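Trainee: What follows is entry.csv, CSV, C-alpha atoms.
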chain,number,residue,atom,x,y,z
A,1,MET,CA,62.9,-19.0,13.9
A,2,ARG,CA,59.9,-17.9,11.9
A,3,SER,CA,57.4,-20.5,10.6
A,4,VAL,CA,56.1,-20.4,7.1
A,5,ALA,CA,52.3,-20.7,6.8
A,6,SER,CA,50.7,-23.1,4.3
A,7,TYR,CA,47.5,-22.3,2.6
A,8,THR,CA,45.0,-24.3,0.6
A,9,LEU,CA,42.6,-23.1,-2.1
A,10,THR,CA,39.3,-24.9,-2.5
A,11,VAL,CA,36.6,-24.6,-5.2
A,12,GLU,CA,33.2,-25.0,-3.6
A,13,ASP,CA,29.9,-25.3,-5.5
A,14,ASP,CA,27.9,-24.9,-2.3
A,15,PRO,CA,29.9,-22.7,0.1
A,16,LYS,CA,28.9,-22.7,3.7
A,17,ARG,CA,26.8,-19.7,4.8
A,18,GLN,CA,29.2,-19.0,7.6
A,19,ASP,CA,32.1,-18.8,5.2
A,20,VAL,CA,30.2,-16.3,3.0
A,21,GLU,CA,29.3,-14.3,6.1
A,22,ALA,CA,33.0,-14.3,7.1
A,23,LEU,CA,33.8,-12.7,3.7
A,24,ALA,CA,31.2,-10.0,4.3
A,25,GLN,CA,32.5,-9.4,7.8
A,26,GLY,CA,36.1,-9.1,6.5
A,27,LEU,CA,35.0,-6.6,3.9
A,28,ASN,CA,33.1,-4.6,6.6
A,29,THR,CA,36.1,-4.6,8.9
A,30,HIS,CA,38.3,-3.3,6.0
A,31,SER,CA,35.8,-0.7,4.9
A,32,LEU,CA,34.6,0.7,8.2
A,33,PRO,CA,37.5,3.3,8.5
A,34,TYR,CA,36.3,4.7,5.2
A,35,THR,CA,32.5,4.4,5.5
A,36,SER,CA,31.8,4.6,9.3
A,37,VAL,CA,28.9,2.2,8.7
A,38,ALA,CA,28.9,-1.5,8.1
A,39,GLY,CA,27.6,-2.7,4.7
A,40,PHE,CA,26.2,-6.1,3.6
A,41,GLN,CA,23.2,-5.9,5.9
A,42,PRO,CA,20.7,-8.5,4.5
A,43,LEU,CA,17.2,-7.3,3.7
A,44,GLY,CA,14.2,-9.3,2.4
A,45,VAL,CA,10.5,-8.9,1.7
A,46,PHE,CA,8.7,-12.2,1.5
A,47,MET,CA,5.1,-13.0,0.4
A,48,ARG,CA,3.3,-16.1,1.7
A,49,ASN,CA,-0.1,-17.6,1.1
A,50,ASP,CA,-2.6,-18.5,3.8
A,51,GLN,CA,-0.9,-21.8,4.4
A,52,GLY,CA,2.5,-20.0,4.9
A,53,ALA,CA,4.0,-21.2,1.7
A,54,LEU,CA,6.4,-18.8,0.0
A,55,VAL,CA,4.8,-17.4,-3.2
A,56,GLY,CA,7.2,-14.5,-3.9
A,57,GLY,CA,9.9,-12.2,-2.5
A,58,VAL,CA,12.7,-9.8,-2.9
A,59,TRP,CA,16.1,-10.2,-1.3
A,60,GLY,CA,19.3,-8.2,-1.2
A,61,TYR,CA,21.7,-6.2,0.9
A,62,VAL,CA,21.9,-2.7,2.3
A,63,ASN,CA,25.4,-1.4,1.5
A,64,TRP,CA,25.8,2.0,3.1
A,65,ASN,CA,23.4,4.2,1.1
A,66,TRP,CA,22.6,1.7,-1.6
A,67,LEU,CA,20.2,-1.2,-1.8
A,68,TRP,CA,21.4,-4.1,-3.9
A,69,ILE,CA,18.6,-6.3,-5.0
A,70,GLY,CA,20.0,-9.8,-5.6
A,71,ALA,CA,16.8,-11.9,-6.2
A,72,VAL,CA,13.2,-11.1,-7.1
A,73,TRP,CA,10.7,-13.9,-7.7
A,74,LEU,CA,6.9,-14.2,-7.9
A,75,SER,CA,4.9,-17.3,-8.6
A,76,ASP,CA,3.7,-17.4,-12.2
A,77,ALA,CA,0.0,-17.5,-11.0
A,78,LEU,CA,0.4,-14.1,-9.3
A,79,ARG,CA,2.3,-12.2,-12.0
A,80,GLY,CA,0.5,-9.2,-13.5
A,81,ALA,CA,-1.7,-8.5,-10.5
A,82,GLY,CA,0.5,-5.8,-8.9
A,83,TYR,CA,2.2,-8.0,-6.3
A,84,GLY,CA,5.6,-7.6,-7.8
A,85,ARG,CA,5.3,-3.8,-7.7
A,86,LYS,CA,4.1,-4.0,-4.1
A,87,MET,CA,7.1,-6.2,-3.1
A,88,MET,CA,9.5,-3.8,-4.8
A,89,GLU,CA,7.9,-0.7,-3.2
A,90,THR,CA,8.1,-2.4,0.2
A,91,ILE,CA,11.8,-3.3,0.0
A,92,GLU,CA,12.6,0.2,-1.4
A,93,LEU,CA,10.7,1.8,1.5
A,94,ALA,CA,12.6,-0.5,4.0
A,95,ALA,CA,15.9,0.5,2.4
A,96,ARG,CA,15.1,4.2,2.6
A,97,GLU,CA,14.3,3.7,6.3
A,98,ARG,CA,17.8,2.2,6.6
A,99,GLY,CA,19.4,5.3,5.0
A,100,CYS,CA,19.5,4.1,1.3
A,101,ARG,CA,19.3,6.8,-1.3
A,102,TYR,CA,19.8,4.5,-4.3
A,103,SER,CA,19.0,1.0,-5.5
A,104,HIS,CA,20.6,-1.3,-8.1
A,105,LEU,CA,19.9,-4.7,-9.6
A,106,ASP,CA,20.5,-6.7,-12.8
A,107,THR,CA,18.2,-8.6,-15.1
A,108,PHE,CA,18.3,-10.4,-18.4
A,109,SER,CA,16.8,-9.7,-21.8
A,110,PHE,CA,14.4,-12.6,-21.3
A,111,GLN,CA,13.4,-11.4,-17.8
A,112,ALA,CA,11.9,-8.3,-16.3
A,113,ARG,CA,13.6,-5.2,-17.8
A,114,PRO,CA,10.3,-3.5,-18.7
A,115,PHE,CA,8.9,-4.2,-15.2
A,116,TYR,CA,11.9,-2.5,-13.6
A,117,GLU,CA,11.8,0.4,-16.0
A,118,GLY,CA,8.1,0.9,-15.0
A,119,LEU,CA,9.3,1.3,-11.4
A,120,GLY,CA,11.8,4.0,-12.4
A,121,TYR,CA,15.0,1.9,-12.9
A,122,GLU,CA,17.3,2.8,-15.8
A,123,VAL,CA,20.0,0.8,-17.5
A,124,PHE,CA,23.5,2.0,-16.8
A,125,ALA,CA,25.5,-1.0,-18.3
A,126,THR,CA,24.9,-3.9,-20.6
A,127,LEU,CA,26.7,-7.2,-21.1
A,128,ASN,CA,26.1,-8.7,-24.5
A,129,ASP,CA,25.9,-12.4,-25.1
A,130,TYR,CA,25.3,-13.1,-21.4
A,131,PRO,CA,24.0,-15.8,-21.5
A,132,PRO,CA,24.7,-16.7,-25.2
A,133,GLY,CA,22.2,-14.9,-27.5
A,134,HIS,CA,20.9,-12.6,-24.7
A,135,GLN,CA,21.9,-9.5,-22.7
A,136,ARG,CA,22.4,-8.8,-19.0
A,137,PHE,CA,21.2,-5.3,-17.9
A,138,PHE,CA,22.5,-3.5,-14.9
A,139,MET,CA,19.9,-1.0,-13.6
A,140,LYS,CA,19.8,1.7,-11.0
A,141,LYS,CA,17.3,4.0,-9.4
A,142,ALA,CA,17.3,7.0,-7.0
A,143,LEU,CA,15.1,6.3,-4.0
A,144,THR,CA,14.7,9.9,-3.0
Could you render the structure from this file as structure tokens?
Mentor:
Amino acid sequence: MRSVASYTLTVEDDPKRQDVEALAQGLNTHSLPYTSVAGFQPLGVFMRNDQGALVGGVWGYVNWNWLWIGAVWLSDALRGAGYGRKMMETIELAARERGCRYSHLDTFSFQARPFYEGLGYEVFATLNDYPPGHQRFFMKKALT
């Protein structure tokens, strides 16, 4: 006799890191026959002050030959002094060293679109009214 499995769905506001990593591993396992290389390889560049406190950084994933930038932040006191550009150039170089030929990210109309355009990124898609009254821009860049 065959048993019938039972499944439960949960909605989690703060998912466990190991559960998120298990999703990435499942996607890698599924994709590997097509890509020959695992994706979802975390990559980060962090800037710290003399006391070791985090004052900025860039974080994302290397997915095959693309870098996805998921978060960029720099302390207000350091903006406009070239540190953001240096962080972006550093993660792009690290991504190229890992085989990436392209990079993509998203930003909002109230954030850093001009900054990214100055680094060579271009908008390839826009979502209007996201958040209400604003736009979300999806941007890409060739790293070669």
Trainee: A:Ala95, A:Ala77, A:Val62, A:Ala71: which is nearest Phe46 (chain A), counting only C-alpha atoms?
Mentor: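 Residue with the minimum atom-to-atom distance to Phe46 (chain A): A:Ala71.
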Trainee: Which residues are near region 130-143 of chain A? Cut-off 8 Å, only C-alpha atoms, ignore same chain within fewer than 4 positions. Put them as a PDB file with C-alpha atoms, keeping the file's coordinate frame.
Mentor:
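And here is the file that came out, part.pdb:
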ATOM      1  CA  GLU A  92      12.600   0.200  -1.400  1.00  0.00           C
ATOM      2  CA  ARG A  96      15.100   4.200   2.600  1.00  0.00           C
ATOM      3  CA  CYS A 100      19.500   4.100   1.300  1.00  0.00           C
ATOM      4  CA  ARG A 101      19.300   6.800  -1.300  1.00  0.00           C
ATOM      5  CA  TYR A 102      19.800   4.500  -4.300  1.00  0.00           C
ATOM      6  CA  SER A 103      19.000   1.000  -5.500  1.00  0.00           C
ATOM      7  CA  HIS A 104      20.600  -1.300  -8.100  1.00  0.00           C
ATOM      8  CA  LEU A 105      19.900  -4.700  -9.600  1.00  0.00           C
ATOM      9  CA  ASP A 106      20.500  -6.700 -12.800  1.00  0.00           C
ATOM     10  CA  THR A 107      18.200  -8.600 -15.100  1.00  0.00           C
ATOM     11  CA  PHE A 108      18.300 -10.400 -18.400  1.00  0.00           C
ATOM     12  CA  SER A 109      16.800  -9.700 -21.800  1.00  0.00           C
ATOM     13  CA  PHE A 110      14.400 -12.600 -21.300  1.00  0.00           C
ATOM     14  CA  ARG A 113      13.600  -5.200 -17.800  1.00  0.00           C
ATOM     15  CA  GLY A 120      11.800   4.000 -12.400  1.00  0.00           C
ATOM     16  CA  TYR A 121      15.000   1.900 -12.900  1.00  0.00           C
ATOM     17  CA  GLU A 122      17.300   2.800 -15.800  1.00  0.00           C
ATOM     18  CA  VAL A 123      20.000   0.800 -17.500  1.00  0.00           C
ATOM     19  CA  PHE A 124      23.500   2.000 -16.800  1.00  0.00           C
ATOM     20  CA  ALA A 125      25.500  -1.000 -18.300  1.00  0.00           C
ATOM     21  CA  THR A 126      24.900  -3.900 -20.600  1.00  0.00           C
TER      22      THR A 126
END
Trainee: Using all atoms listed in the file, which residue out of A:Gly84, A:Ala38, A:Tyr7, A:Thr144 lies closest to Val55 (chain A)?
Mentor: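 Ranked by minimum distance to Val55 (chain A), first place goes to A:Gly84.
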Trainee: Work out how far apart CA of Gly82 (chain A) and CA of Gly52 (chain A) are and give it in Å to one decimal.
Mentor: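 If I compute the distance from CA of Gly82 (chain A) to CA of Gly52 (chain A), I get 19.9 Å.
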Trainee: Within 12 Å of (0.2, -15.9, 0.8), in the coordinates the file gives, what residues turn up when you count all atoms listed in the file, written out as a PyMOL selection string?
Mentor: chain A and resi 46-57+74-75+77-78+83
Trainee: Please dump the current selection as a short mmCIF file (atom, residue, chain, number, x, y, z; two decimals), in the coordinates of the input; keep C-alpha atoms.
Mentor:
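Writing done, so here's again_28.cif:
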data_model
loop_
_atom_site.label_atom_id
_atom_site.label_comp_id
_atom_site.auth_asym_id
_atom_site.auth_seq_id
_atom_site.Cartn_x
_atom_site.Cartn_y
_atom_site.Cartn_z
CA PHE A 46 8.70 -12.20 1.50
CA MET A 47 5.10 -13.00 0.40
CA ARG A 48 3.30 -16.10 1.70
CA ASN A 49 -0.10 -17.60 1.10
CA ASP A 50 -2.60 -18.50 3.80
CA GLN A 51 -0.90 -21.80 4.40
CA GLY A 52 2.50 -20.00 4.90
CA ALA A 53 4.00 -21.20 1.70
CA LEU A 54 6.40 -18.80 0.00
CA VAL A 55 4.80 -17.40 -3.20
CA GLY A 56 7.20 -14.50 -3.90
CA GLY A 57 9.90 -12.20 -2.50
CA LEU A 74 6.90 -14.20 -7.90
CA SER A 75 4.90 -17.30 -8.60
CA ALA A 77 0.00 -17.50 -11.00
CA LEU A 78 0.40 -14.10 -9.30
CA TYR A 83 2.20 -8.00 -6.30
#
Trainee: Kindly reconstruct region 16-34 of chain A with N, CA, C and O atoms and present the result as an mmCIF file, in the coordinates of the input.
Mentor:
data_model
loop_
_atom_site.group_PDB
_atom_site.id
_atom_site.type_symbol
_atom_site.label_atom_id
_atom_site.label_comp_id
_atom_site.auth_asym_id
_atom_site.auth_seq_id
_atom_site.Cartn_x
_atom_site.Cartn_y
_atom_site.Cartn_z
ATOM 1 N N LYS A 16 29.636 -22.808 2.459
ATOM 2 C CA LYS A 16 28.900 -22.700 3.700
ATOM 3 C C LYS A 16 28.543 -21.254 3.995
ATOM 4 O O LYS A 16 29.314 -20.337 3.721
ATOM 5 N N ARG A 17 27.332 -21.083 4.510
ATOM 6 C CA ARG A 17 26.800 -19.700 4.800
ATOM 7 C C ARG A 17 27.793 -18.979 5.714
ATOM 8 O O ARG A 17 28.046 -17.794 5.521
ATOM 9 N N GLN A 18 28.351 -19.651 6.710
ATOM 10 C CA GLN A 18 29.200 -19.000 7.600
ATOM 11 C C GLN A 18 30.528 -18.494 6.944
ATOM 12 O O GLN A 18 31.094 -17.478 7.322
ATOM 13 N N ASP A 19 30.968 -19.206 5.902
ATOM 14 C CA ASP A 19 32.100 -18.800 5.200
ATOM 15 C C ASP A 19 31.833 -17.511 4.352
ATOM 16 O O ASP A 19 32.634 -16.565 4.297
ATOM 17 N N VAL A 20 30.661 -17.472 3.717
ATOM 18 C CA VAL A 20 30.200 -16.300 3.000
ATOM 19 C C VAL A 20 30.069 -15.103 3.906
ATOM 20 O O VAL A 20 30.488 -13.976 3.601
ATOM 21 N N GLU A 21 29.473 -15.350 5.062
ATOM 22 C CA GLU A 21 29.300 -14.300 6.100
ATOM 23 C C GLU A 21 30.658 -13.783 6.549
ATOM 24 O O GLU A 21 30.816 -12.592 6.821
ATOM 25 N N ALA A 22 31.641 -14.675 6.664
ATOM 26 C CA ALA A 22 33.000 -14.300 7.100
ATOM 27 C C ALA A 22 33.616 -13.334 6.055
ATOM 28 O O ALA A 22 34.327 -12.389 6.415
ATOM 29 N N LEU A 23 33.347 -13.579 4.760
ATOM 30 C CA LEU A 23 33.800 -12.700 3.700
ATOM 31 C C LEU A 23 33.231 -11.284 3.885
ATOM 32 O O LEU A 23 33.939 -10.267 3.827
ATOM 33 N N ALA A 24 31.917 -11.234 4.076
ATOM 34 C CA ALA A 24 31.200 -10.000 4.300
ATOM 35 C C ALA A 24 31.786 -9.237 5.501
ATOM 36 O O ALA A 24 32.032 -8.028 5.469
ATOM 37 N N GLN A 25 32.000 -9.980 6.574
ATOM 38 C CA GLN A 25 32.500 -9.400 7.800
ATOM 39 C C GLN A 25 33.952 -8.840 7.558
ATOM 40 O O GLN A 25 34.299 -7.758 8.022
ATOM 41 N N GLY A 26 34.763 -9.588 6.821
ATOM 42 C CA GLY A 26 36.100 -9.100 6.500
ATOM 43 C C GLY A 26 36.079 -7.834 5.674
ATOM 44 O O GLY A 26 36.854 -6.900 5.932
ATOM 45 N N LEU A 27 35.178 -7.776 4.703
ATOM 46 C CA LEU A 27 35.000 -6.600 3.900
ATOM 47 C C LEU A 27 34.531 -5.398 4.761
ATOM 48 O O LEU A 27 34.995 -4.260 4.610
ATOM 49 N N ASN A 28 33.601 -5.672 5.664
ATOM 50 C CA ASN A 28 33.100 -4.600 6.600
ATOM 51 C C ASN A 28 34.234 -4.080 7.434
ATOM 52 O O ASN A 28 34.373 -2.871 7.597
ATOM 53 N N THR A 29 35.013 -4.975 7.999
ATOM 54 C CA THR A 29 36.100 -4.600 8.900
ATOM 55 C C THR A 29 37.105 -3.690 8.079
ATOM 56 O O THR A 29 37.564 -2.656 8.569
ATOM 57 N N HIS A 30 37.402 -4.093 6.850
ATOM 58 C CA HIS A 30 38.300 -3.300 6.000
ATOM 59 C C HIS A 30 37.724 -1.958 5.640
ATOM 60 O O HIS A 30 38.427 -0.951 5.596
ATOM 61 N N SER A 31 36.422 -1.906 5.357
ATOM 62 C CA SER A 31 35.800 -0.700 4.900
ATOM 63 C C SER A 31 35.388 0.295 5.933
ATOM 64 O O SER A 31 35.259 1.494 5.661
ATOM 65 N N LEU A 32 35.167 -0.177 7.151
ATOM 66 C CA LEU A 32 34.600 0.700 8.200
ATOM 67 C C LEU A 32 35.422 1.974 8.426
ATOM 68 O O LEU A 32 34.793 3.024 8.619
ATOM 69 N N PRO A 33 36.753 1.993 8.358
ATOM 70 C CA PRO A 33 37.500 3.300 8.500
ATOM 71 C C PRO A 33 37.085 4.302 7.445
ATOM 72 O O PRO A 33 37.204 5.503 7.669
ATOM 73 N N TYR A 34 36.614 3.853 6.300
ATOM 74 C CA TYR A 34 36.300 4.700 5.200
ATOM 75 C C TYR A 34 34.786 5.103 5.186
ATOM 76 O O TYR A 34 34.396 6.172 4.720
#
